[in-house]
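What follows is a set of notes on a single structure, which appears directly below.
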Amino acid sequence: MALLDWIVIGIFALALIGIITWVFLQKEETSGDYFLAGRDASWIAIGASIFASNIGSEHLIGLAGAGASSGMAMAHWEIQGWMILILGWVFVPFYSRSMVSTMPEFLERRYNKESRTILSLISLISYVLTKVAVTVYAGGLVFQQVFGIETMWGIDFFWISAIGLVLLTAVYTVIGGMKSVLYTSVLQTPILLLGSIIIVYLGLKEVGGWGEMMRITRAVPVNDYGDSMANLIRSNRDSQFPWLGVFMGSAVIGFWYWCTDQFIVQRVLSGKNEREARRGTIFGAYLKLTPVFLFMIPGMIAFAIHQKTGSFLPLMDGGAPNADAAFPTLVAKLLPAGVKGLVVCGILAALMSSLASLFNSSAMLFTIDFYKKYKPDTSESKLLRVGRMATVVIVILGILWIPIMRSIGDVLYTYLQDVQSVLAPGIAAAFLLGILSSKPTPKGGMWGMIAGFIVGVTRLGAKVLYSTLAGHAGYTDVKLWAAEKGVNNFFYTLFYDINWLFFSGGMLVFSIIVVMVVSKFTKPASPEQLKGLTFSSASSEDKEATRRSWNKWDVVHSVVIIGITVAFYIYFW
């Protein structure tokens, strides 16, 4: 890192301090101001925040690493701008009309208070155990690679950078709440985009151009069925990414994440009105078309450079190149002084924005769905204090979980995807059926979520069980252990052997069946409870208000986004 890099980082830090100071001076009077920015956000702030919140460590390390190890396979999860359009066009009207603050609160309106508690608990636990810890762990890893510092003051630099990142982010989240998350995103998003574009340009220049990168990756087979690293659609016999399973699994996880997860939907709930919220999702969908090119393609570039030179990526203990180091290695080895500082700011921006959104969403779930629910007469000033204290507690829990995350660091991205693939289906079924139809009853929706959660946890438990048994027997490949030891029972086949993507799709179908069957035998919700929350119960005034909230340009931009997505699939087919 040259002096010029530190000057650039200093300017970025001053701009960040300026925004946070301005936000702090805008006095917050209520919990709505703190958690939802007073429901006054513009479409630019919403779209930028959706994108900046989504782009976290799983992109800077995981997605670039996936590009360097398996090529285009994970792009299905990233080219999901069309899924954000479903949030804007289908779900925003119902969320806006209900005036809820959290997604569990929406489920209480649609179903019952037990559904709210179940979703709040699942969300809070998964945020602390996966997203917070993963982001902090990867942040420490990135900065250790980029700065090239092993220890400082006798302490592992990983811990200094990881805890420093958490404390820095926590300060501005605790002080400014959702408003600071939104407005710092407006600063951070363009810096992140610009920094990544520079990396792609210099990386392609180093490898010999786009054609050369595609030639190298097309020459690397990924299975025995004729597919290469450059193929997006792979044989249905592929053990990891069969095309049918990919379409099912990525759609289920994508729907849950983009349309029902508090972490993302909270940005939309902060909109001034339905029009601003929808346009925020359209802007966010445009931005969501970029991660494949800004993070996955750099991973493939790093792999191509390593193939040509034989010594670009750092090697792991076994002698294989460390795919997860692809993005930070490109930053450290290719960027000139000044530009490296800008890209470090971009990385810092991505990690801080993702963490800040997590802290704010987690604190809101605790404050609104637990504290306020059981102490409904609490004053707004007390709720503000509870929200800030909850943020601090979540920060501490995230830090305490890092050592465990660090011990399983080599399976970080898989761990995250595994947890999400089994949490998503039950929740997705409850929201999807709950809004599309008035027929699912309160108990139907609740039991659909519970059944999905139980099956999901059983799947995770089976993975731990069989991995442990195979490990104790001296095997690293569980399927080889099972074949040689004759393990072929129904439980193993269903909960371990089936591809995780097909399992996720099957779980959604199972959860939907549970909702429908239980609804046949239980008491339906009253028309008053359902008013405005489902398609069939929306009044003519509701429909007219939604129609007035969009014009032809909203439709044109949505069609352009879908067109770009289709063109992407055709090119990389």
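Each chain in the structure tokens gets a letter, A, B and so on, in the order shown; residues start at 1 in every chain, and ligands are counted from 1 in the order they appear.
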Per residue of range 466-571 of chain A within 12 Å of range 85-106 of chain A, record the nearest atom pair and its distance in Å to one decimal, counting only C-alpha atoms, with rows in chain order and ascending residue number, as CSV.
residue,atom,partner,partner_atom,distance
A:Gln529,CA,A:Ser98,CA,10.9
A:Leu530,CA,A:Ser98,CA,10.3
A:Lys531,CA,A:Ser98,CA,9.3
A:Gly532,CA,A:Phe94,CA,6.8
A:Leu533,CA,A:Phe94,CA,5.6
A:Thr534,CA,A:Phe94,CA,7.3
A:Phe535,CA,A:Phe94,CA,8.7
A:Ser536,CA,A:Phe94,CA,11.7
A:Ser537,CA,A:Phe94,CA,10.6
A:Ala538,CA,A:Phe94,CA,8.7
A:Ser539,CA,A:Arg97,CA,11.1
A:Glu541,CA,A:Arg97,CA,11.2
A:Asp542,CA,A:Arg97,CA,8.0
A:Lys543,CA,A:Pro93,CA,8.8
A:Glu544,CA,A:Pro93,CA,11.0
A:Ala545,CA,A:Pro93,CA,9.0
A:Thr546,CA,A:Pro93,CA,6.4
A:Arg547,CA,A:Pro93,CA,9.9
A:Arg548,CA,A:Pro93,CA,11.5
A:Ser549,CA,A:Pro93,CA,9.5
A:Trp550,CA,A:Trp89,CA,9.4
A:Asp554,CA,A:Trp89,CA,9.8
A:Val555,CA,A:Trp89,CA,9.7
A:His557,CA,A:Leu85,CA,10.2
A:Ser558,CA,A:Leu85,CA,7.0
A:Val559,CA,A:Leu85,CA,9.9
A:Val560,CA,A:Leu85,CA,11.5
A:Ile561,CA,A:Leu85,CA,8.9
A:Ile562,CA,A:Leu85,CA,9.2
ask   = What are the DSSP strand (DSSP E) residues of range 9-248 of chain A, as a list of chain:residue names?
value =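 The residues of range 9-248 of chain A classed as strand (DSSP E) are A:Thr151, A:Met152, A:Ile155, A:Asp156.
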Counting only C-alpha atoms, which residues of range 102-211 of chain A sit at most 12 Å from some atom of range 300-318 of chain A, and what is each one's closest atom pair with its distance in Å to one decimal, listed by chain and rising residue number, as JSON lines?
{"residue": "A:Gln145", "atom": "CA", "partner": "A:Pro314", "partner_atom": "CA", "distance": 10.1}
{"residue": "A:Ile199", "atom": "CA", "partner": "A:Ile301", "partner_atom": "CA", "distance": 9.8}
{"residue": "A:Val200", "atom": "CA", "partner": "A:Ile301", "partner_atom": "CA", "distance": 8.0}
{"residue": "A:Tyr201", "atom": "CA", "partner": "A:Ile301", "partner_atom": "CA", "distance": 10.3}
{"residue": "A:Leu202", "atom": "CA", "partner": "A:Ile301", "partner_atom": "CA", "distance": 9.9}
{"residue": "A:Gly203", "atom": "CA", "partner": "A:Ile301", "partner_atom": "CA", "distance": 6.2}
{"residue": "A:Leu204", "atom": "CA", "partner": "A:Ile301", "partner_atom": "CA", "distance": 6.7}
{"residue": "A:Lys205", "atom": "CA", "partner": "A:Ile301", "partner_atom": "CA", "distance": 9.9}
{"residue": "A:Glu206", "atom": "CA", "partner": "A:Ile305", "partner_atom": "CA", "distance": 7.5}
{"residue": "A:Val207", "atom": "CA", "partner": "A:Ile305", "partner_atom": "CA", "distance": 5.5}
{"residue": "A:Gly208", "atom": "CA", "partner": "A:Ile305", "partner_atom": "CA", "distance": 9.1}
{"residue": "A:Gly209", "atom": "CA", "partner": "A:Ile301", "partner_atom": "CA", "distance": 9.5}
{"residue": "A:Trp210", "atom": "CA", "partner": "A:Ile301", "partner_atom": "CA", "distance": 8.9}
{"residue": "A:Gly211", "atom": "CA", "partner": "A:Ile301", "partner_atom": "CA", "distance": 11.2}
Quick one: write out the picked residues with all heavy atoms as an mmCIF file, in the first residue's frame?
data_model
loop_
_atom_site.group_PDB
_atom_site.id
_atom_site.type_symbol
_atom_site.label_atom_id
_atom_site.label_comp_id
_atom_site.auth_asym_id
_atom_site.auth_seq_id
_atom_site.Cartn_x
_atom_site.Cartn_y
_atom_site.Cartn_z
ATOM 1 N N GLN A 145 -5.147 -10.337 3.374
ATOM 2 C CA GLN A 145 -4.571 -10.600 2.038
ATOM 3 C C GLN A 145 -4.155 -9.300 1.350
ATOM 4 O O GLN A 145 -3.056 -9.187 0.819
ATOM 5 C CB GLN A 145 -5.606 -11.311 1.149
ATOM 6 C CG GLN A 145 -5.875 -12.750 1.523
ATOM 7 C CD GLN A 145 -4.893 -13.707 0.876
ATOM 8 O OE1 GLN A 145 -4.166 -13.347 -0.032
ATOM 9 N NE2 GLN A 145 -4.868 -14.931 1.377
ATOM 10 N N ILE A 199 -10.848 -3.469 -11.743
ATOM 11 C CA ILE A 199 -10.243 -4.803 -11.603
ATOM 12 C C ILE A 199 -10.524 -5.666 -12.831
ATOM 13 O O ILE A 199 -9.634 -6.348 -13.343
ATOM 14 C CB ILE A 199 -10.760 -5.506 -10.328
ATOM 15 C CG1 ILE A 199 -10.049 -4.934 -9.117
ATOM 16 C CG2 ILE A 199 -10.524 -7.012 -10.390
ATOM 17 C CD1 ILE A 199 -10.295 -5.647 -7.832
ATOM 18 N N VAL A 200 -11.774 -5.641 -13.310
ATOM 19 C CA VAL A 200 -12.133 -6.432 -14.498
ATOM 20 C C VAL A 200 -11.295 -5.983 -15.699
ATOM 21 O O VAL A 200 -10.736 -6.805 -16.434
ATOM 22 C CB VAL A 200 -13.641 -6.309 -14.812
ATOM 23 C CG1 VAL A 200 -13.978 -6.963 -16.154
ATOM 24 C CG2 VAL A 200 -14.475 -6.947 -13.707
ATOM 25 N N TYR A 201 -11.180 -4.662 -15.885
ATOM 26 C CA TYR A 201 -10.428 -4.110 -17.029
ATOM 27 C C TYR A 201 -8.953 -4.534 -16.977
ATOM 28 O O TYR A 201 -8.404 -5.067 -17.944
ATOM 29 C CB TYR A 201 -10.556 -2.584 -17.050
ATOM 30 C CG TYR A 201 -9.656 -1.924 -18.080
ATOM 31 C CD1 TYR A 201 -9.970 -1.974 -19.434
ATOM 32 C CD2 TYR A 201 -8.481 -1.284 -17.686
ATOM 33 C CE1 TYR A 201 -9.135 -1.393 -20.380
ATOM 34 C CE2 TYR A 201 -7.633 -0.691 -18.616
ATOM 35 C CZ TYR A 201 -7.976 -0.749 -19.967
ATOM 36 O OH TYR A 201 -7.143 -0.183 -20.904
ATOM 37 N N LEU A 202 -8.313 -4.304 -15.827
ATOM 38 C CA LEU A 202 -6.891 -4.630 -15.699
ATOM 39 C C LEU A 202 -6.650 -6.144 -15.741
ATOM 40 O O LEU A 202 -5.637 -6.601 -16.275
ATOM 41 C CB LEU A 202 -6.329 -4.043 -14.397
ATOM 42 C CG LEU A 202 -6.249 -2.508 -14.346
ATOM 43 C CD1 LEU A 202 -5.796 -2.046 -12.973
ATOM 44 C CD2 LEU A 202 -5.304 -1.967 -15.414
ATOM 45 N N GLY A 203 -7.595 -6.918 -15.187
ATOM 46 C CA GLY A 203 -7.479 -8.373 -15.202
ATOM 47 C C GLY A 203 -7.549 -8.928 -16.613
ATOM 48 O O GLY A 203 -6.745 -9.789 -17.002
ATOM 49 N N LEU A 204 -8.515 -8.424 -17.408
ATOM 50 C CA LEU A 204 -8.643 -8.865 -18.801
ATOM 51 C C LEU A 204 -7.409 -8.467 -19.621
ATOM 52 O O LEU A 204 -6.942 -9.219 -20.481
ATOM 53 C CB LEU A 204 -9.912 -8.281 -19.437
ATOM 54 C CG LEU A 204 -11.236 -8.918 -18.986
ATOM 55 C CD1 LEU A 204 -12.423 -8.163 -19.555
ATOM 56 C CD2 LEU A 204 -11.310 -10.392 -19.392
ATOM 57 N N LYS A 205 -6.886 -7.266 -19.312
ATOM 58 C CA LYS A 205 -5.673 -6.799 -20.002
ATOM 59 C C LYS A 205 -4.503 -7.739 -19.702
ATOM 60 O O LYS A 205 -3.714 -8.083 -20.586
ATOM 61 C CB LYS A 205 -5.369 -5.369 -19.525
ATOM 62 C CG LYS A 205 -4.337 -4.627 -20.364
ATOM 63 C CD LYS A 205 -4.210 -3.200 -19.862
ATOM 64 C CE LYS A 205 -3.034 -2.505 -20.533
ATOM 65 N NZ LYS A 205 -2.797 -1.177 -19.941
ATOM 66 N N GLU A 206 -4.401 -8.166 -18.442
ATOM 67 C CA GLU A 206 -3.311 -9.050 -18.008
ATOM 68 C C GLU A 206 -3.402 -10.426 -18.656
ATOM 69 O O GLU A 206 -2.391 -11.012 -19.062
ATOM 70 C CB GLU A 206 -3.356 -9.184 -16.470
ATOM 71 C CG GLU A 206 -2.287 -10.074 -15.868
ATOM 72 C CD GLU A 206 -0.909 -9.420 -15.822
ATOM 73 O OE1 GLU A 206 -0.810 -8.182 -16.005
ATOM 74 O OE2 GLU A 206 0.062 -10.153 -15.618
ATOM 75 N N VAL A 207 -4.639 -10.966 -18.758
ATOM 76 C CA VAL A 207 -4.801 -12.331 -19.270
ATOM 77 C C VAL A 207 -4.776 -12.384 -20.799
ATOM 78 O O VAL A 207 -4.562 -13.454 -21.386
ATOM 79 C CB VAL A 207 -6.104 -12.966 -18.716
ATOM 80 C CG1 VAL A 207 -7.330 -12.514 -19.491
ATOM 81 C CG2 VAL A 207 -6.026 -14.488 -18.711
ATOM 82 N N GLY A 208 -5.003 -11.230 -21.455
ATOM 83 C CA GLY A 208 -4.972 -11.209 -22.918
ATOM 84 C C GLY A 208 -6.322 -11.001 -23.558
ATOM 85 O O GLY A 208 -6.515 -11.311 -24.744
ATOM 86 N N GLY A 209 -7.285 -10.475 -22.773
ATOM 87 C CA GLY A 209 -8.592 -10.146 -23.332
ATOM 88 C C GLY A 209 -9.672 -11.166 -22.997
ATOM 89 O O GLY A 209 -9.401 -12.263 -22.495
ATOM 90 N N TRP A 210 -10.931 -10.780 -23.284
ATOM 91 C CA TRP A 210 -12.106 -11.614 -22.990
ATOM 92 C C TRP A 210 -12.014 -12.963 -23.709
ATOM 93 O O TRP A 210 -12.273 -14.020 -23.129
ATOM 94 C CB TRP A 210 -13.375 -10.877 -23.405
ATOM 95 C CG TRP A 210 -14.629 -11.662 -23.199
ATOM 96 C CD1 TRP A 210 -15.259 -12.466 -24.108
ATOM 97 C CD2 TRP A 210 -15.410 -11.738 -21.996
ATOM 98 N NE1 TRP A 210 -16.378 -13.042 -23.560
ATOM 99 C CE2 TRP A 210 -16.502 -12.610 -22.257
ATOM 100 C CE3 TRP A 210 -15.294 -11.165 -20.724
ATOM 101 C CZ2 TRP A 210 -17.463 -12.908 -21.297
ATOM 102 C CZ3 TRP A 210 -16.268 -11.464 -19.770
ATOM 103 C CH2 TRP A 210 -17.332 -12.324 -20.053
ATOM 104 N N GLY A 211 -11.657 -12.927 -25.004
ATOM 105 C CA GLY A 211 -11.583 -14.152 -25.800
ATOM 106 C C GLY A 211 -10.598 -15.147 -25.235
ATOM 107 O O GLY A 211 -10.864 -16.364 -25.195
#
key: Pick from A:Gly284, A:Ala470, A:Val331, A:Met72, whichever lies nearest to Val343 in chain A using only C-alpha atoms   =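 Among the listed residues, A:Val331 lies closest to Val343 in chain A.
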request  = Identify all residues of range 312-466 of chain A in alpha helix (DSSP H) (DSSP on the backbone) and supply them as a count of residues only.
outcome  = 118
inquiry  = as JSON, numbers by chain, please: the residues near Ala350 in chain A (cut-off 7 Å, only C-alpha atoms, same-chain neighbours under 3 positions excluded).
reply    = {"A": [52, 55, 56, 192, 346, 347, 353, 354]}
Take the residues just selected and output them with N, CA and C atoms as an mmCIF file, in the first residue's frame.
data_model
loop_
_atom_site.group_PDB
_atom_site.id
_atom_site.type_symbol
_atom_site.label_atom_id
_atom_site.label_comp_id
_atom_site.auth_asym_id
_atom_site.auth_seq_id
_atom_site.Cartn_x
_atom_site.Cartn_y
_atom_site.Cartn_z
ATOM 1 N N ALA A 52 -26.146 -2.656 -2.093
ATOM 2 C CA ALA A 52 -25.003 -2.602 -1.176
ATOM 3 C C ALA A 52 -25.170 -3.577 -0.010
ATOM 4 N N ILE A 55 -24.377 -7.131 -1.437
ATOM 5 C CA ILE A 55 -22.971 -7.385 -1.775
ATOM 6 C C ILE A 55 -22.137 -7.409 -0.500
ATOM 7 N N GLY A 56 -21.864 -8.597 -0.051
ATOM 8 C CA GLY A 56 -21.070 -8.749 1.172
ATOM 9 C C GLY A 56 -19.883 -9.652 0.922
ATOM 10 N N LEU A 192 -17.816 1.001 -4.935
ATOM 11 C CA LEU A 192 -17.679 -0.444 -5.120
ATOM 12 C C LEU A 192 -17.745 -0.804 -6.611
ATOM 13 N N GLY A 346 -13.790 0.322 -1.738
ATOM 14 C CA GLY A 346 -14.942 -0.411 -2.258
ATOM 15 C C GLY A 346 -15.213 -1.677 -1.469
ATOM 16 N N ILE A 347 -14.150 -2.414 -1.158
ATOM 17 C CA ILE A 347 -14.286 -3.637 -0.356
ATOM 18 C C ILE A 347 -14.807 -3.290 1.041
ATOM 19 N N SER A 353 -21.452 -2.026 4.602
ATOM 20 C CA SER A 353 -22.861 -1.847 4.261
ATOM 21 C C SER A 353 -23.657 -3.114 4.572
ATOM 22 N N SER A 354 -23.073 -4.264 4.233
ATOM 23 C CA SER A 354 -23.737 -5.541 4.492
ATOM 24 C C SER A 354 -23.900 -5.775 6.000
#
ask   = Residues at most 10 Å from range 334-338 of chain A, counting only C-alpha atoms, excluding those fewer than 3 positions away in the same chain, as number ranges by chain?
value = A: 1-9, 195, 198-199, 202-203, 206, 329-331, 341-344
Take the residues from that selection and write them out as a compact mmCIF listing (two decimals), in the first residue's frame, keeping all heavy atoms.
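Generated file (out_22.txt):
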# COMPACT_ATOMS: atom_id res chain seq x y z
N MET A 1 0.85 -1.20 0.00
CA MET A 1 0.00 0.00 0.00
C MET A 1 0.88 1.25 0.00
O MET A 1 1.67 1.47 0.92
CB MET A 1 -0.90 0.01 1.23
CG MET A 1 -1.93 -1.12 1.26
SD MET A 1 -3.32 -0.85 0.14
CE MET A 1 -4.26 0.35 1.08
N ALA A 2 0.72 2.11 -1.04
CA ALA A 2 1.51 3.33 -1.15
C ALA A 2 0.82 4.48 -0.42
O ALA A 2 -0.35 4.38 -0.01
CB ALA A 2 1.68 3.69 -2.63
N LEU A 3 1.53 5.60 -0.26
CA LEU A 3 0.99 6.79 0.42
C LEU A 3 -0.30 7.25 -0.24
O LEU A 3 -1.28 7.61 0.43
CB LEU A 3 2.04 7.91 0.41
CG LEU A 3 1.59 9.25 1.01
CD1 LEU A 3 1.26 9.10 2.51
CD2 LEU A 3 2.66 10.33 0.82
N LEU A 4 -0.33 7.23 -1.59
CA LEU A 4 -1.51 7.66 -2.32
C LEU A 4 -2.74 6.83 -1.96
O LEU A 4 -3.86 7.35 -1.85
CB LEU A 4 -1.24 7.58 -3.84
CG LEU A 4 -2.28 8.19 -4.78
CD1 LEU A 4 -2.50 9.67 -4.47
CD2 LEU A 4 -1.85 8.01 -6.24
N ASP A 5 -2.54 5.51 -1.76
CA ASP A 5 -3.64 4.63 -1.36
C ASP A 5 -4.22 5.07 -0.01
O ASP A 5 -5.44 5.12 0.16
CB ASP A 5 -3.15 3.18 -1.25
CG ASP A 5 -2.72 2.61 -2.59
OD1 ASP A 5 -3.42 2.87 -3.58
OD2 ASP A 5 -1.69 1.92 -2.64
N TRP A 6 -3.33 5.37 0.94
CA TRP A 6 -3.79 5.80 2.27
C TRP A 6 -4.52 7.14 2.21
O TRP A 6 -5.49 7.36 2.95
CB TRP A 6 -2.61 5.88 3.25
CG TRP A 6 -2.05 4.53 3.58
CD1 TRP A 6 -0.85 4.01 3.20
CD2 TRP A 6 -2.69 3.50 4.36
NE1 TRP A 6 -0.69 2.73 3.68
CE2 TRP A 6 -1.81 2.38 4.40
CE3 TRP A 6 -3.92 3.41 5.02
CZ2 TRP A 6 -2.11 1.21 5.08
CZ3 TRP A 6 -4.22 2.23 5.69
CH2 TRP A 6 -3.33 1.16 5.72
N ILE A 7 -4.10 8.02 1.31
CA ILE A 7 -4.78 9.32 1.14
C ILE A 7 -6.22 9.09 0.63
O ILE A 7 -7.18 9.69 1.13
CB ILE A 7 -4.00 10.24 0.16
CG1 ILE A 7 -2.67 10.68 0.81
CG2 ILE A 7 -4.84 11.46 -0.24
CD1 ILE A 7 -1.71 11.37 -0.15
N VAL A 8 -6.35 8.19 -0.37
CA VAL A 8 -7.69 7.87 -0.91
C VAL A 8 -8.59 7.28 0.19
O VAL A 8 -9.75 7.67 0.33
CB VAL A 8 -7.57 6.87 -2.10
CG1 VAL A 8 -8.95 6.35 -2.53
CG2 VAL A 8 -6.89 7.53 -3.29
N ILE A 9 -8.04 6.36 0.98
CA ILE A 9 -8.81 5.75 2.08
C ILE A 9 -9.21 6.82 3.09
O ILE A 9 -10.33 6.82 3.62
CB ILE A 9 -8.00 4.62 2.76
CG1 ILE A 9 -7.81 3.45 1.78
CG2 ILE A 9 -8.68 4.14 4.04
CD1 ILE A 9 -6.82 2.39 2.24
N GLY A 195 -14.53 0.53 -8.46
CA GLY A 195 -13.36 -0.28 -8.09
C GLY A 195 -13.36 -1.63 -8.78
O GLY A 195 -12.33 -2.09 -9.30
N ILE A 198 -12.60 -1.43 -12.58
CA ILE A 198 -11.15 -1.27 -12.81
C ILE A 198 -10.45 -2.63 -12.73
O ILE A 198 -9.59 -2.95 -13.56
CB ILE A 198 -10.54 -0.27 -11.79
CG1 ILE A 198 -11.07 1.14 -12.07
CG2 ILE A 198 -9.02 -0.29 -11.83
CD1 ILE A 198 -10.79 2.15 -10.97
N ILE A 199 -10.85 -3.47 -11.74
CA ILE A 199 -10.24 -4.80 -11.60
C ILE A 199 -10.52 -5.67 -12.83
O ILE A 199 -9.63 -6.35 -13.34
CB ILE A 199 -10.76 -5.51 -10.33
CG1 ILE A 199 -10.05 -4.93 -9.12
CG2 ILE A 199 -10.52 -7.01 -10.39
CD1 ILE A 199 -10.29 -5.65 -7.83
N LEU A 202 -8.31 -4.30 -15.83
CA LEU A 202 -6.89 -4.63 -15.70
C LEU A 202 -6.65 -6.14 -15.74
O LEU A 202 -5.64 -6.60 -16.28
CB LEU A 202 -6.33 -4.04 -14.40
CG LEU A 202 -6.25 -2.51 -14.35
CD1 LEU A 202 -5.80 -2.05 -12.97
CD2 LEU A 202 -5.30 -1.97 -15.41
N GLY A 203 -7.59 -6.92 -15.19
CA GLY A 203 -7.48 -8.37 -15.20
C GLY A 203 -7.55 -8.93 -16.61
O GLY A 203 -6.74 -9.79 -17.00
N GLU A 206 -4.40 -8.17 -18.44
CA GLU A 206 -3.31 -9.05 -18.01
C GLU A 206 -3.40 -10.43 -18.66
O GLU A 206 -2.39 -11.01 -19.06
CB GLU A 206 -3.36 -9.18 -16.47
CG GLU A 206 -2.29 -10.07 -15.87
CD GLU A 206 -0.91 -9.42 -15.82
OE1 GLU A 206 -0.81 -8.18 -16.01
OE2 GLU A 206 0.06 -10.15 -15.62
N THR A 329 -6.24 -11.26 -4.29
CA THR A 329 -4.97 -11.41 -5.01
C THR A 329 -4.91 -10.47 -6.22
O THR A 329 -3.88 -9.86 -6.50
CB THR A 329 -4.77 -12.87 -5.47
OG1 THR A 329 -4.81 -13.72 -4.32
CG2 THR A 329 -3.42 -13.06 -6.16
N LEU A 330 -6.04 -10.36 -6.93
CA LEU A 330 -6.11 -9.41 -8.07
C LEU A 330 -5.86 -7.99 -7.59
O LEU A 330 -5.14 -7.22 -8.23
CB LEU A 330 -7.50 -9.49 -8.74
CG LEU A 330 -7.77 -10.73 -9.61
CD1 LEU A 330 -9.26 -10.82 -9.93
CD2 LEU A 330 -6.98 -10.67 -10.91
N VAL A 331 -6.45 -7.63 -6.45
CA VAL A 331 -6.26 -6.28 -5.87
C VAL A 331 -4.78 -6.07 -5.52
O VAL A 331 -4.18 -5.05 -5.89
CB VAL A 331 -7.12 -6.09 -4.60
CG1 VAL A 331 -6.80 -4.77 -3.91
CG2 VAL A 331 -8.60 -6.14 -4.95
N GLY A 341 -6.09 1.85 -3.34
CA GLY A 341 -6.78 2.51 -2.23
C GLY A 341 -8.28 2.63 -2.49
O GLY A 341 -9.10 2.40 -1.61
N LEU A 342 -8.64 2.97 -3.76
CA LEU A 342 -10.05 3.11 -4.13
C LEU A 342 -10.77 1.77 -4.02
O LEU A 342 -11.88 1.69 -3.48
CB LEU A 342 -10.16 3.63 -5.57
CG LEU A 342 -11.59 3.85 -6.08
CD1 LEU A 342 -12.20 5.08 -5.42
CD2 LEU A 342 -11.61 4.03 -7.59
N VAL A 343 -10.12 0.69 -4.49
CA VAL A 343 -10.73 -0.63 -4.44
C VAL A 343 -10.84 -1.12 -2.99
O VAL A 343 -11.84 -1.74 -2.61
CB VAL A 343 -9.96 -1.64 -5.31
CG1 VAL A 343 -10.50 -3.05 -5.13
CG2 VAL A 343 -10.05 -1.24 -6.77
N VAL A 344 -9.83 -0.82 -2.17
CA VAL A 344 -9.92 -1.17 -0.74
C VAL A 344 -11.12 -0.46 -0.11
O VAL A 344 -11.86 -1.04 0.68
CB VAL A 344 -8.61 -0.82 0.00
CG1 VAL A 344 -8.80 -0.90 1.51
CG2 VAL A 344 -7.49 -1.77 -0.43
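The list of residues with at least one atom within 8 Å of Leu355 in chain A, based on only C-alpha atoms and without residues fewer than 5 positions apart in the same chain, reads A:Ser53, A:Gly56, A:Val132, A:Thr135, A:Val136, A:Val166, A:Thr169.
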task = Within 12 Å of range 220-226 of chain A, counting only C-alpha atoms, which residues show up once you throw out same-chain ones fewer than 4 positions away? Write them as an MDAnalysis selection string, please.
result = chainID A and resid 68:73 213:216 230:242 300 303:304 307
inquiry  = I'd like the neighbourhood of range 502-513 of chain A as a VMD selection string, where a residue qualifies if any of its atoms comes within 9 Å (using only C-alpha atoms), though same-chain residues fewer than 6 positions away should be ignored.
reply    = chain A and resid 242 244 to 246 248 to 253 421 to 422 424 to 430 433 445 447 to 452 455 to 456 494 to 495
